[in-house]
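Everything below belongs to final-v2.cif, which stores mmCIF, C-alpha atoms.
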```cif
data_entry
#
loop_
_atom_site.label_atom_id
_atom_site.label_comp_id
_atom_site.auth_asym_id
_atom_site.auth_seq_id
_atom_site.Cartn_x
_atom_site.Cartn_y
_atom_site.Cartn_z
CA MET A 75 118.09 80.66 101.54
CA SER A 76 118.64 84.38 101.12
CA ASP A 77 120.10 86.62 103.81
CA GLU A 78 118.34 89.61 102.26
CA TRP A 79 116.24 91.57 104.75
CA LYS A 80 112.47 91.38 104.22
CA PRO A 81 110.08 93.80 105.93
CA LYS A 82 107.52 92.60 108.44
CA ILE A 83 104.22 94.35 107.81
CA PHE A 84 101.34 94.04 110.25
CA GLY A 85 97.89 94.57 108.74
CA ILE A 86 94.73 95.38 110.68
CA ILE A 87 91.82 95.02 108.32
CA CYS A 88 88.07 95.52 108.43
CA ASN A 89 85.94 92.39 108.29
CA TRP A 90 83.36 93.78 105.88
CA CYS A 91 85.44 95.43 103.19
CA SER A 92 89.22 95.07 103.25
CA TYR A 93 89.22 91.48 104.50
CA ALA A 94 86.79 90.56 101.74
CA GLY A 95 88.96 92.45 99.24
CA ALA A 96 92.03 90.54 100.42
CA ASP A 97 90.06 87.30 100.15
CA LEU A 98 89.03 88.22 96.61
CA ALA A 99 92.66 88.87 95.71
CA GLY A 100 93.55 85.43 97.02
CA SER A 101 90.64 83.74 95.24
CA ALA A 102 91.63 85.43 91.99
CA ARG A 103 95.25 84.36 92.59
CA THR A 104 96.39 87.96 92.34
CA GLN A 105 100.08 88.15 93.17
CA TYR A 106 101.35 90.42 95.93
CA PRO A 107 104.26 90.24 98.40
CA PRO A 108 103.90 87.74 101.26
CA ASP A 109 105.47 90.16 103.76
CA ILE A 110 102.17 91.07 105.44
CA ARG A 111 100.40 89.33 108.31
CA THR A 112 96.85 90.44 108.92
CA VAL A 113 94.41 90.53 111.78
CA ARG A 114 90.73 90.99 111.05
CA VAL A 115 88.67 93.37 113.18
CA MET A 116 84.98 94.03 112.79
CA CYS A 117 85.65 97.70 112.06
CA THR A 118 88.71 99.93 111.81
CA GLY A 119 86.92 102.17 114.30
CA ARG A 120 87.87 99.48 116.82
CA VAL A 121 91.60 99.97 116.19
CA ASP A 122 93.19 101.53 119.24
CA THR A 123 96.44 103.48 118.89
CA LEU A 124 97.97 101.05 121.39
CA PHE A 125 97.51 98.25 118.80
CA ILE A 126 99.76 100.23 116.47
CA MET A 127 102.38 100.87 119.14
CA LYS A 128 102.35 97.22 120.21
CA ALA A 129 102.92 96.13 116.61
CA PHE A 130 106.00 98.34 116.30
CA ILE A 131 107.30 97.32 119.73
CA ASP A 132 106.86 93.65 118.81
CA GLY A 133 108.98 94.03 115.68
CA ALA A 134 106.79 95.26 112.83
CA ASP A 135 108.61 97.38 110.28
CA GLY A 136 105.31 98.83 109.05
CA VAL A 137 101.61 98.80 109.88
CA LEU A 138 98.71 98.91 107.44
CA VAL A 139 95.19 99.71 108.63
CA SER A 140 92.60 99.15 105.93
CA GLY A 141 88.85 99.55 106.03
CA CYS A 142 85.72 100.55 104.17
CA HIS A 143 85.54 103.63 101.98
CA PHE A 144 84.13 106.73 103.65
CA GLY A 145 80.35 106.53 103.59
CA ASP A 146 80.36 102.72 103.30
CA CYS A 147 81.20 101.75 106.89
CA HIS A 148 78.90 99.07 108.28
CA TYR A 149 79.16 100.85 111.62
CA LEU A 150 78.41 104.27 110.10
CA GLU A 151 81.43 106.31 111.25
CA GLY A 152 84.04 103.78 112.31
CA ASN A 153 86.37 104.53 109.43
CA TYR A 154 86.20 108.28 110.15
CA LYS A 155 87.21 107.62 113.76
CA ALA A 156 90.03 105.36 112.62
CA ALA A 157 91.29 107.95 110.15
CA LYS A 158 91.48 110.56 112.93
CA ARG A 159 93.42 108.14 115.12
CA MET A 160 95.85 107.26 112.33
CA PHE A 161 96.48 110.97 111.68
CA LEU A 162 97.28 111.37 115.40
CA MET A 163 99.41 108.23 115.38
CA LYS A 164 101.56 109.52 112.51
CA SER A 165 102.39 112.56 114.64
CA VAL A 166 103.27 110.34 117.60
CA LEU A 167 105.53 108.18 115.43
CA LYS A 168 107.36 111.26 114.13
CA ASN A 169 107.93 112.45 117.71
CA MET A 170 109.35 109.02 118.57
CA GLY A 171 111.81 109.19 115.70
CA LEU A 172 109.99 106.72 113.43
CA GLU A 173 109.15 107.66 109.88
CA ASP A 174 105.41 108.27 109.60
CA LYS A 175 105.42 106.42 106.26
CA ARG A 176 105.67 103.21 108.27
CA LEU A 177 101.97 103.60 109.09
CA ARG A 178 99.40 103.70 106.34
CA MET A 179 95.62 103.74 106.30
CA THR A 180 93.84 102.70 103.14
CA PHE A 181 90.29 102.02 102.04
CA VAL A 182 89.63 98.85 100.05
CA SER A 183 86.13 97.54 99.36
CA ALA A 184 85.10 93.90 99.06
CA SER A 185 85.13 94.11 95.26
CA GLU A 186 88.64 95.57 95.02
CA GLY A 187 90.92 92.54 95.16
CA ALA A 188 93.31 94.06 92.62
CA LYS A 189 93.47 97.26 94.67
CA TRP A 190 94.33 95.23 97.79
CA ALA A 191 97.26 93.66 95.95
CA LYS A 192 98.42 97.09 94.75
CA VAL A 193 98.15 98.57 98.28
CA VAL A 194 100.15 95.73 99.84
CA THR A 195 102.78 95.94 97.10
CA ASP A 196 103.12 99.69 97.62
CA VAL A 197 103.33 99.40 101.43
CA VAL A 198 106.00 96.70 101.18
CA LYS A 199 107.95 98.81 98.67
CA THR A 200 107.77 101.90 100.90
CA VAL A 201 108.86 100.05 104.05
CA THR A 202 111.62 98.22 102.17
CA GLU A 203 113.00 101.60 101.06
CA LEU A 204 112.88 102.83 104.68
CA GLY A 205 114.70 99.73 105.94
CA PRO A 206 114.31 97.91 109.24
CA SER A 207 112.49 99.68 112.06
CA PRO A 208 114.87 101.57 114.34
CA LEU A 209 113.00 100.06 117.29
CA LYS A 210 114.56 96.67 116.49
CA GLU A 211 117.79 97.88 118.09
CA PHE A 212 115.99 97.92 121.46
CA GLN A 213 114.65 94.38 121.08
CA LYS A 214 118.05 92.69 121.30
#
```
Could you rewrite the structure in this file as structure tokens?
Amino acid sequence: MSDEWKPKIFGIICNWCSYAGADLAGSARTQYPPDIRTVRVMCTGRVDTLFIMKAFIDGADGVLVSGCHFGDCHYLEGNYKAAKRMFLMKSVLKNMGLEDKRLRMTFVSASEGAKWAKVVTDVVKTVTELGPSPLKEFQK
């Protein structure tokens, strides 16, 4: 067993697009890091900024929010609302002393399994380079 640190990534993904894309990646046996745990929501427009804060407080080193491409949202404008919230949340994280690169919003459709794998790989790489969340010091 390795003592090497591995990042904990929390993913909040849209039921209609990104979840289906992640499922396609799994069905196609596309390889990507296992460092992400996901929760499916009906729409990223449902993602409250408190969900993001709770993830970091509970020990996440990074958070990925992924939904439908702009113009393809099943709830019309949910992904636009989510994008505005994530932009705001990055500012809040910076003010708290957390790197804003720990939060990422992406858009992956149901037919983009390979893109899902690439996104997860990139998020894990970015968070690994940043190291453990500074908030972990307060959890002891």
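The gap separating CA of Gly85 in chain A from CA of Leu124 in chain A is 14.2 Å, in Å to one decimal.
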- For each of A:Leu167, A:Cys88, A:Ile83, A:Val197, take the minimum atom-to-atom distance to Asp146 in chain A, counting all atoms listed in the file, then give the residue where this is smallest. A:Cys88
- Item | Selection result of the PyMOL selection byres ((chain A and resi 190) around 12) on this file, as a VMD selection string | chain A and resid 85 87 91 to 100 102 104 to 107 110 138 to 142 180 to 189 191 to 197
Write the residues of the selection above to a file with C-alpha atoms, as a compact mmCIF listing (two decimals), in the frame of the given file.
```
# COMPACT_ATOMS: atom_id res chain seq x y z
CA GLY A 85 97.89 94.57 108.74
CA ILE A 87 91.82 95.02 108.32
CA CYS A 91 85.44 95.43 103.19
CA SER A 92 89.22 95.07 103.25
CA TYR A 93 89.22 91.48 104.50
CA ALA A 94 86.79 90.56 101.74
CA GLY A 95 88.96 92.45 99.24
CA ALA A 96 92.03 90.54 100.42
CA ASP A 97 90.06 87.30 100.15
CA LEU A 98 89.03 88.22 96.61
CA ALA A 99 92.66 88.87 95.71
CA GLY A 100 93.55 85.43 97.02
CA ALA A 102 91.63 85.43 91.99
CA THR A 104 96.39 87.96 92.34
CA GLN A 105 100.08 88.15 93.17
CA TYR A 106 101.35 90.42 95.93
CA PRO A 107 104.26 90.24 98.40
CA ILE A 110 102.17 91.07 105.44
CA LEU A 138 98.71 98.91 107.44
CA VAL A 139 95.19 99.71 108.63
CA SER A 140 92.60 99.15 105.93
CA GLY A 141 88.85 99.55 106.03
CA CYS A 142 85.72 100.55 104.17
CA THR A 180 93.84 102.70 103.14
CA PHE A 181 90.29 102.02 102.04
CA VAL A 182 89.63 98.85 100.05
CA SER A 183 86.13 97.54 99.36
CA ALA A 184 85.10 93.90 99.06
CA SER A 185 85.13 94.11 95.26
CA GLU A 186 88.64 95.57 95.02
CA GLY A 187 90.92 92.54 95.16
CA ALA A 188 93.31 94.06 92.62
CA LYS A 189 93.47 97.26 94.67
CA ALA A 191 97.26 93.66 95.95
CA LYS A 192 98.42 97.09 94.75
CA VAL A 193 98.15 98.57 98.28
CA VAL A 194 100.15 95.73 99.84
CA THR A 195 102.78 95.94 97.10
CA ASP A 196 103.12 99.69 97.62
CA VAL A 197 103.33 99.40 101.43
```
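When CA of Ala156 in chain A is paired with CA of Val121 in chain A, their separation reads 6.7 Å.
Each of A:Lys82, A:Lys158, A:Asn89, A:Met170 was checked against Asp122 in chain A using only C-alpha atoms; the smallest atom-to-atom distance is that of A:Lys158.
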- If you count only C-alpha atoms, which residues fall within 12 Å of Met163 in chain A, apart from same-chain ones fewer than 5 positions away, as number ranges by chain? A: 121-127, 130, 137, 139, 156-158, 168-170, 172-179
- Query: Could you name the residues that touch Asn153 in chain A at 8 Å or less, counting only C-alpha atoms, but leaving out those on the same chain fewer than 6 positions away, as a PyMOL selection string?
  - Reply: chain A and resi 117-119+141-144+147
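The result of the PyMOL selection byres ((chain A and resi 131) around 10) on the shown file is Phe125, Ile126, Met127, Lys128, Ala129, Phe130, Asp132, Gly133, Ala134, Asp135, Ser207, Leu209, Lys210, Phe212 and Gln213 of chain A.
Note that CA of Asp77 in chain A and CA of Glu203 in chain A are 16.8 Å apart.
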- Care to translate the PyMOL selection byres ((chain A and resi 79) around 10) into actual residues of this file, as a PyMOL selection string? chain A and resi 76-78+80-82+202+205-206
Would you compute the box with edges along x, y and z of the file around range 190-206 of chain A, including every atom the file lists for it and 4 Å extra on each side, and give its centre and edge lengths in Å to one decimal, as JSON?
```
{"center_x": 104.5, "center_y": 98.2, "center_z": 102.0, "size_x": 28.4, "size_y": 17.2, "size_z": 22.5}
```
